Amino acid sequence: MTKTVLLTGGAGYIGSHTYLGLVASGYDVVILDNFSNAQEDVPLRLARITGSPVKLHRGDVLDPVFLTGVFAAHDFDAVIHFAAKKAVGESVAKPLDYIQTNVGGFVNLLQAMDAADVRRIVFSSSATVYGDTLVQPIPEDHPRTYTSPYAYTKISGELILEQLVAADPRWAVGTLRYFNPVGAHYSALIGEDPQDIPNNLVPYIAKVAIGELPRLQVFGDDYDTPDGTGLRDYIHVEDLADGHVLSVNALLETGQSHTVNLGTGEGSTVLEVLRAYSDACGKELPFEIVPRRDGDVAVLTARPDLARQVLGFNAKRTLDDMCQSSWAWVSGQLRNDPKP
Ligand code: UFG
C-alpha cells in the first residue's frame, strides 16, 4: 500500500529535492511550508517534473492549530522535518528566533504527530553538532558540542528525539547529519536560490559565475590542507535526497532508530571547488585571498561507513556533477527559461 509522508519545509532547497526522490520511489508526499526561505513557484516546478500537482499546506510550524489541521487532513506514515532556520551567522545575532523556530516549532510538530499517532520522523541535523574538532573524518559517536545558537538548536533537536524514544518505544527516529550539500536537480528546474549575498561557498561562486558578484573571497590560505584553503565534505543534494528516502524506508520497514552522517567521506578545498566550477561554466572565475572567517575550521569530513551499513547509503555523484548541475540551474535562471 502507498505510504504517505509529510515534508515540513518541503519547498526549500533540500526538501524539494527530497520530494522528488520520494515521489520517484512511490511515496505519496505532502508539503507543509511557510515559504519564508523558498520560492513561490517551487510547487509548480515540482509538478512539472513529476507530472502531478503538489499537495501543499501553506503555514507555520509555530502554529499548533494549523499543524493539527494538517494531520487531520491526511493519514501520514512518517514525517521528514526540514522546516528550520539555517544561517549560522544570523543565529548568533538572533538566538531567540532560532530557538523559537528550530526548537519550539519542532516540539509543536512532535506534539501534533503524537496526537495523530504518527511516530516515524526523519530529522535534519548537521555536522555542526560536532563543533570544532580535530578528529577527521568524524564518526557519529564523536561528542556533540555547539559553537553557535544554530548548532545549539540542532543538538537540542537530537536530544529531544532521544528523550522521546527513551520515554515511548513506539517512536522511531532517523537523525541525519548533513555535511555540505551543494548542486541542483538534473532537470535544472529546482536548486538553491539564496535571495541575499550567499554565505556559503557554492552559491557564492554561482553568483560570481553569472556576473552578479565580482569575485570570490577565499577565507584564508594558511590552513593545514593540501593548498592551504578550507576543506569540506561536499555532497550532491540529490545524493542527500536519496539518503532521506533510505532513512524513511528503514524507519517504516524496521521501526529502528538511527543517527548517521550524510557525506561522501572525501573532502575538497575551496580552490578545488572553484576549479571544478570554472570548468563547469567554461570560464576562469576571479578570486582573492582574504583573512580567515571567524569560526571556520580547517577540515570537516564525514566518516560515511555507518550510513552505508545501516541504510545502504552511498553518495554516487562527484564534485564535477555538483558544479555542473549548479551551473545548469543558475544559468537557466539567467536565461529566464523555462518557466512552468
Ligand atoms: N568559503 C570561502 N568563501 C566564501 C564562502 C565560504 O572561502 O565566500 C569557504 C569557507 O571558509 C569554508 C568553505 O568555503 O572553508 C565552505 O564554507 P560554507 O560556508 O559553504 O560551509 P561551512 O562548512 O562553513 O558550513 C556548512 C553549513 C552550516 C553547517 C556547517 C557545519 O553551511 O550550516 O557546514 O556542518 F553548520
# chains A, B, ... in the order shown; residues from 1 in each chain; ligands from 1
>>> residues_around(residues="Ala206 in chain A", least_positions_apart="5", cutoff="12 Å", atoms="only C-alpha atoms", output="JSON, numbers by chain")
{"A": [182, 183, 184, 191, 192, 193, 194, 197, 198, 199, 200, 201, 211, 212, 213, 214, 215, 216, 273, 274, 276, 277, 278, 280, 281, 285, 286, 322, 323, 324, 325, 326, 327, 328, 329, 330, 331, 332, 333, 334]}
>>> residues_near_ligand(ligand="ligand 1", cutoff="9 Å", atoms="only C-alpha atoms and all ligand atoms", output="PyMOL selection string")
chain A and resi 86-88+125-131+148+150-151+177-182+198-205+216-221+229-234+269-271+273+289-290+292-300
>>> write_last_selection(atoms="N, CA and C atoms", output="short mmCIF file (atom, residue, chain, number, x, y, z; two decimals), in the first residue's frame")
data_model
loop_
_atom_site.label_atom_id
_atom_site.label_comp_id
_atom_site.auth_asym_id
_atom_site.auth_seq_id
_atom_site.Cartn_x
_atom_site.Cartn_y
_atom_site.Cartn_z
N LYS A 86 18.56 28.23 9.17
CA LYS A 86 19.84 27.52 8.97
C LYS A 86 21.06 28.40 8.75
N ALA A 87 20.96 29.71 9.01
CA ALA A 87 22.15 30.56 8.78
C ALA A 87 22.90 30.75 10.10
N VAL A 88 24.12 30.23 10.14
CA VAL A 88 24.89 30.22 11.39
C VAL A 88 25.09 31.65 11.90
N SER A 125 19.58 17.06 10.81
CA SER A 125 20.63 17.57 11.69
C SER A 125 21.83 17.98 10.82
N SER A 126 22.94 18.22 11.45
CA SER A 126 24.05 18.84 10.73
C SER A 126 25.37 18.42 11.35
N ALA A 127 26.41 18.44 10.53
CA ALA A 127 27.77 18.20 11.04
C ALA A 127 28.17 19.27 12.04
N THR A 128 27.40 20.36 12.09
CA THR A 128 27.70 21.41 13.07
C THR A 128 27.63 20.88 14.50
N VAL A 129 26.92 19.76 14.73
CA VAL A 129 26.82 19.24 16.11
C VAL A 129 28.16 18.71 16.63
N TYR A 130 29.14 18.54 15.73
CA TYR A 130 30.45 18.04 16.18
C TYR A 130 31.37 19.17 16.67
N GLY A 131 30.96 20.45 16.48
CA GLY A 131 31.78 21.57 16.94
C GLY A 131 33.11 21.64 16.20
N SER A 148 27.53 27.75 18.08
CA SER A 148 26.61 28.81 17.64
C SER A 148 25.21 28.45 18.13
N TYR A 150 22.69 28.23 16.29
CA TYR A 150 22.19 27.28 15.30
C TYR A 150 22.56 25.85 15.70
N ALA A 151 23.84 25.66 16.03
CA ALA A 151 24.30 24.32 16.43
C ALA A 151 23.58 23.87 17.71
N ARG A 177 22.82 13.71 9.81
CA ARG A 177 23.75 14.83 9.98
C ARG A 177 24.38 15.16 8.63
N TYR A 178 23.89 16.26 8.05
CA TYR A 178 24.37 16.67 6.72
C TYR A 178 25.76 17.29 6.83
N PHE A 179 26.58 17.03 5.84
CA PHE A 179 27.84 17.77 5.72
C PHE A 179 27.57 18.99 4.81
N ASN A 180 28.16 19.13 3.65
CA ASN A 180 27.94 20.37 2.88
C ASN A 180 27.16 20.08 1.59
N PRO A 181 25.83 20.19 1.63
CA PRO A 181 25.02 19.89 0.44
C PRO A 181 25.15 20.99 -0.61
N VAL A 182 25.41 20.60 -1.83
CA VAL A 182 25.51 21.57 -2.95
C VAL A 182 24.93 20.94 -4.21
N PRO A 198 25.10 35.30 -0.73
CA PRO A 198 25.19 33.99 -0.06
C PRO A 198 26.34 33.94 0.95
N ASN A 199 26.13 33.18 2.01
CA ASN A 199 27.21 32.91 2.97
C ASN A 199 28.02 31.70 2.55
N ASN A 200 27.38 30.79 1.85
CA ASN A 200 28.01 29.50 1.56
C ASN A 200 28.77 29.53 0.24
N LEU A 201 29.76 28.65 0.17
CA LEU A 201 30.72 28.73 -0.93
C LEU A 201 30.11 28.56 -2.32
N VAL A 202 29.41 27.46 -2.55
CA VAL A 202 28.97 27.19 -3.93
C VAL A 202 27.93 28.22 -4.41
N PRO A 203 26.93 28.59 -3.58
CA PRO A 203 26.03 29.66 -4.04
C PRO A 203 26.77 30.97 -4.33
N TYR A 204 27.82 31.24 -3.58
CA TYR A 204 28.60 32.47 -3.82
C TYR A 204 29.32 32.36 -5.17
N ILE A 205 29.98 31.23 -5.38
CA ILE A 205 30.70 31.04 -6.66
C ILE A 205 29.70 31.13 -7.82
N LEU A 216 35.18 35.81 -5.94
CA LEU A 216 35.09 35.04 -4.70
C LEU A 216 36.15 35.53 -3.73
N GLN A 217 35.77 35.67 -2.49
CA GLN A 217 36.76 35.89 -1.44
C GLN A 217 37.04 34.54 -0.80
N VAL A 218 38.29 34.13 -0.88
CA VAL A 218 38.70 32.85 -0.28
C VAL A 218 39.16 33.16 1.13
N PHE A 219 38.44 32.54 2.11
CA PHE A 219 38.71 32.89 3.50
C PHE A 219 39.91 32.11 4.05
N GLY A 220 41.10 32.59 3.76
CA GLY A 220 42.32 32.01 4.33
C GLY A 220 42.97 30.99 3.41
N ASP A 221 44.32 31.10 3.29
CA ASP A 221 45.06 30.09 2.50
C ASP A 221 46.23 29.54 3.30
N THR A 229 43.68 26.12 1.72
CA THR A 229 42.31 26.63 1.86
C THR A 229 41.43 25.58 2.54
N GLY A 230 40.30 26.02 3.12
CA GLY A 230 39.44 25.14 3.91
C GLY A 230 38.96 23.93 3.12
N LEU A 231 38.88 22.81 3.80
CA LEU A 231 38.49 21.55 3.13
C LEU A 231 37.18 21.05 3.74
N ARG A 232 36.19 20.74 2.87
CA ARG A 232 34.88 20.30 3.33
C ARG A 232 34.42 19.08 2.54
N ASP A 233 33.44 18.40 3.13
CA ASP A 233 32.86 17.20 2.52
C ASP A 233 31.59 17.63 1.79
N TYR A 234 31.72 17.97 0.50
CA TYR A 234 30.57 18.42 -0.27
C TYR A 234 29.80 17.20 -0.76
N THR A 269 39.01 21.22 -1.28
CA THR A 269 39.37 22.55 -0.78
C THR A 269 38.58 23.61 -1.54
N VAL A 270 38.62 24.83 -1.01
CA VAL A 270 37.92 25.94 -1.67
C VAL A 270 38.44 26.10 -3.10
N LEU A 271 39.76 26.03 -3.27
CA LEU A 271 40.31 26.24 -4.63
C LEU A 271 39.95 25.07 -5.56
N VAL A 273 37.09 23.43 -5.42
CA VAL A 273 35.70 23.68 -5.81
C VAL A 273 35.65 24.78 -6.87
N ILE A 289 42.44 36.12 -2.09
CA ILE A 289 42.61 35.51 -0.77
C ILE A 289 42.42 36.61 0.27
N VAL A 290 41.56 36.35 1.24
CA VAL A 290 41.34 37.31 2.33
C VAL A 290 41.55 36.56 3.65
N ARG A 292 41.09 34.59 7.22
CA ARG A 292 40.16 33.52 7.64
C ARG A 292 38.85 34.11 8.15
N ARG A 293 37.76 33.36 7.98
CA ARG A 293 36.45 33.75 8.53
C ARG A 293 36.37 33.24 9.97
N ASP A 294 35.86 34.08 10.87
CA ASP A 294 35.71 33.65 12.27
C ASP A 294 34.89 32.38 12.35
N GLY A 295 35.32 31.46 13.17
CA GLY A 295 34.53 30.26 13.42
C GLY A 295 34.78 29.13 12.44
N ASP A 296 35.54 29.37 11.35
CA ASP A 296 35.79 28.29 10.39
C ASP A 296 36.86 27.33 10.91
N VAL A 297 36.71 26.06 10.60
CA VAL A 297 37.74 25.08 10.91
C VAL A 297 38.45 24.72 9.61
N ALA A 298 39.62 24.10 9.73
CA ALA A 298 40.41 23.76 8.54
C ALA A 298 39.71 22.68 7.72
N VAL A 299 39.29 21.63 8.41
CA VAL A 299 38.82 20.41 7.72
C VAL A 299 37.54 19.92 8.39
N LEU A 300 36.57 19.49 7.59
CA LEU A 300 35.35 18.86 8.12
C LEU A 300 34.93 17.78 7.13
#
>>> atom_distance(atom1="CA of Gly12 in chain A", atom2="CA of Leu240 in chain A")
13.6 Å
>>> closest_residue(among="A:Arg303, A:Lys207, A:His244, A:His81", to="Ile31 in chain A", atoms="only C-alpha atoms")
A:His81
>>> atom_distance(atom1="CA of Pro143 in chain A", atom2="CA of Ala307 in chain A")
18.0 Å
>>> closest_residue(among="A:Thr301, A:Ser91, A:Ser124, A:Asn34", to="Thr175 in chain A", atoms="only C-alpha atoms")
A:Ser124
>>> select_by_dssp(residues="range 23-148 of chain A", states="alpha helix (DSSP H)", output="number ranges by chain")
A: 23-24, 42-50, 64-73, 88-93, 95-99, 106-115
>>> residues_around(residues="Arg120 in chain A", least_positions_apart="6", cutoff="6 Å", atoms="only C-alpha atoms", output="PyMOL selection string")
chain A and resi 78+172-173
>>> write_last_selection(atoms="N, CA, C and O atoms", output="CSV table (one decimal), in the first residue's frame")
chain,number,residue,atom,x,y,z
A,78,ALA,N,4.8,8.8,8.0
A,78,ALA,CA,6.1,9.4,8.5
A,78,ALA,C,6.1,10.8,8.2
A,78,ALA,O,5.4,11.3,7.3
A,172,ALA,N,10.1,6.0,16.3
A,172,ALA,CA,11.4,5.6,15.6
A,172,ALA,C,11.9,6.8,14.9
A,172,ALA,O,11.1,7.5,14.2
A,173,VAL,N,13.1,7.1,15.0
A,173,VAL,CA,13.7,8.4,14.6
A,173,VAL,C,14.9,8.2,13.7
A,173,VAL,O,15.8,7.4,14.0
>>> select_by_dssp(residues="range 176-211 of chain A", states="strand (DSSP E)", output="list in words")
Leu176, Arg177, Tyr178, Asn180, Pro181 and Val182 of chain A
>>> write_last_selection(atoms="all heavy atoms", output="PDB file, in the first residue's frame")
ATOM      1  N   LEU A 176      19.710  12.621  10.629  1.00  0.00           N
ATOM      2  CA  LEU A 176      20.659  12.687   9.508  1.00  0.00           C
ATOM      3  C   LEU A 176      21.529  13.925   9.670  1.00  0.00           C
ATOM      4  O   LEU A 176      21.023  15.057   9.675  1.00  0.00           O
ATOM      5  CB  LEU A 176      19.890  12.737   8.175  1.00  0.00           C
ATOM      6  CG  LEU A 176      18.882  11.607   7.954  1.00  0.00           C
ATOM      7  CD1 LEU A 176      18.212  11.741   6.581  1.00  0.00           C
ATOM      8  CD2 LEU A 176      19.549  10.241   8.086  1.00  0.00           C
ATOM      9  N   ARG A 177      22.819  13.706   9.806  1.00  0.00           N
ATOM     10  CA  ARG A 177      23.751  14.833   9.978  1.00  0.00           C
ATOM     11  C   ARG A 177      24.379  15.158   8.630  1.00  0.00           C
ATOM     12  O   ARG A 177      25.259  14.434   8.145  1.00  0.00           O
ATOM     13  CB  ARG A 177      24.817  14.460  11.005  1.00  0.00           C
ATOM     14  CG  ARG A 177      24.238  14.280  12.401  1.00  0.00           C
ATOM     15  CD  ARG A 177      25.307  13.885  13.388  1.00  0.00           C
ATOM     16  NE  ARG A 177      24.743  13.747  14.735  1.00  0.00           N
ATOM     17  CZ  ARG A 177      25.277  12.995  15.687  1.00  0.00           C
ATOM     18  NH1 ARG A 177      26.392  12.304  15.460  1.00  0.00           N
ATOM     19  NH2 ARG A 177      24.711  12.927  16.878  1.00  0.00           N
ATOM     20  N   TYR A 178      23.894  16.261   8.053  1.00  0.00           N
ATOM     21  CA  TYR A 178      24.374  16.665   6.723  1.00  0.00           C
ATOM     22  C   TYR A 178      25.757  17.292   6.826  1.00  0.00           C
ATOM     23  O   TYR A 178      26.003  18.091   7.715  1.00  0.00           O
ATOM     24  CB  TYR A 178      23.485  17.735   6.102  1.00  0.00           C
ATOM     25  CG  TYR A 178      22.005  17.497   6.094  1.00  0.00           C
ATOM     26  CD1 TYR A 178      21.145  18.594   6.030  1.00  0.00           C
ATOM     27  CD2 TYR A 178      21.450  16.231   6.133  1.00  0.00           C
ATOM     28  CE1 TYR A 178      19.766  18.431   6.002  1.00  0.00           C
ATOM     29  CE2 TYR A 178      20.071  16.057   6.109  1.00  0.00           C
ATOM     30  CZ  TYR A 178      19.238  17.158   6.047  1.00  0.00           C
ATOM     31  OH  TYR A 178      17.886  17.007   6.030  1.00  0.00           O
ATOM     32  N   ASN A 180      28.161  19.125   3.646  1.00  0.00           N
ATOM     33  CA  ASN A 180      27.942  20.366   2.876  1.00  0.00           C
ATOM     34  C   ASN A 180      27.161  20.080   1.593  1.00  0.00           C
ATOM     35  O   ASN A 180      27.756  19.785   0.549  1.00  0.00           O
ATOM     36  CB  ASN A 180      29.290  21.025   2.553  1.00  0.00           C
ATOM     37  CG  ASN A 180      29.950  21.643   3.770  1.00  0.00           C
ATOM     38  OD1 ASN A 180      30.218  20.939   4.738  1.00  0.00           O
ATOM     39  ND2 ASN A 180      30.187  22.931   3.749  1.00  0.00           N
ATOM     40  N   PRO A 181      25.827  20.190   1.632  1.00  0.00           N
ATOM     41  CA  PRO A 181      25.016  19.894   0.443  1.00  0.00           C
ATOM     42  C   PRO A 181      25.154  20.993  -0.608  1.00  0.00           C
ATOM     43  O   PRO A 181      25.029  22.184  -0.286  1.00  0.00           O
ATOM     44  CB  PRO A 181      23.573  19.881   0.983  1.00  0.00           C
ATOM     45  CG  PRO A 181      23.668  19.957   2.455  1.00  0.00           C
ATOM     46  CD  PRO A 181      24.999  20.538   2.793  1.00  0.00           C
ATOM     47  N   VAL A 182      25.409  20.602  -1.833  1.00  0.00           N
ATOM     48  CA  VAL A 182      25.514  21.567  -2.945  1.00  0.00           C
ATOM     49  C   VAL A 182      24.934  20.939  -4.206  1.00  0.00           C
ATOM     50  O   VAL A 182      24.578  19.762  -4.233  1.00  0.00           O
ATOM     51  CB  VAL A 182      26.984  22.009  -3.196  1.00  0.00           C
ATOM     52  CG1 VAL A 182      27.555  22.721  -1.979  1.00  0.00           C
ATOM     53  CG2 VAL A 182      27.860  20.843  -3.585  1.00  0.00           C
TER      54      VAL A 182
END
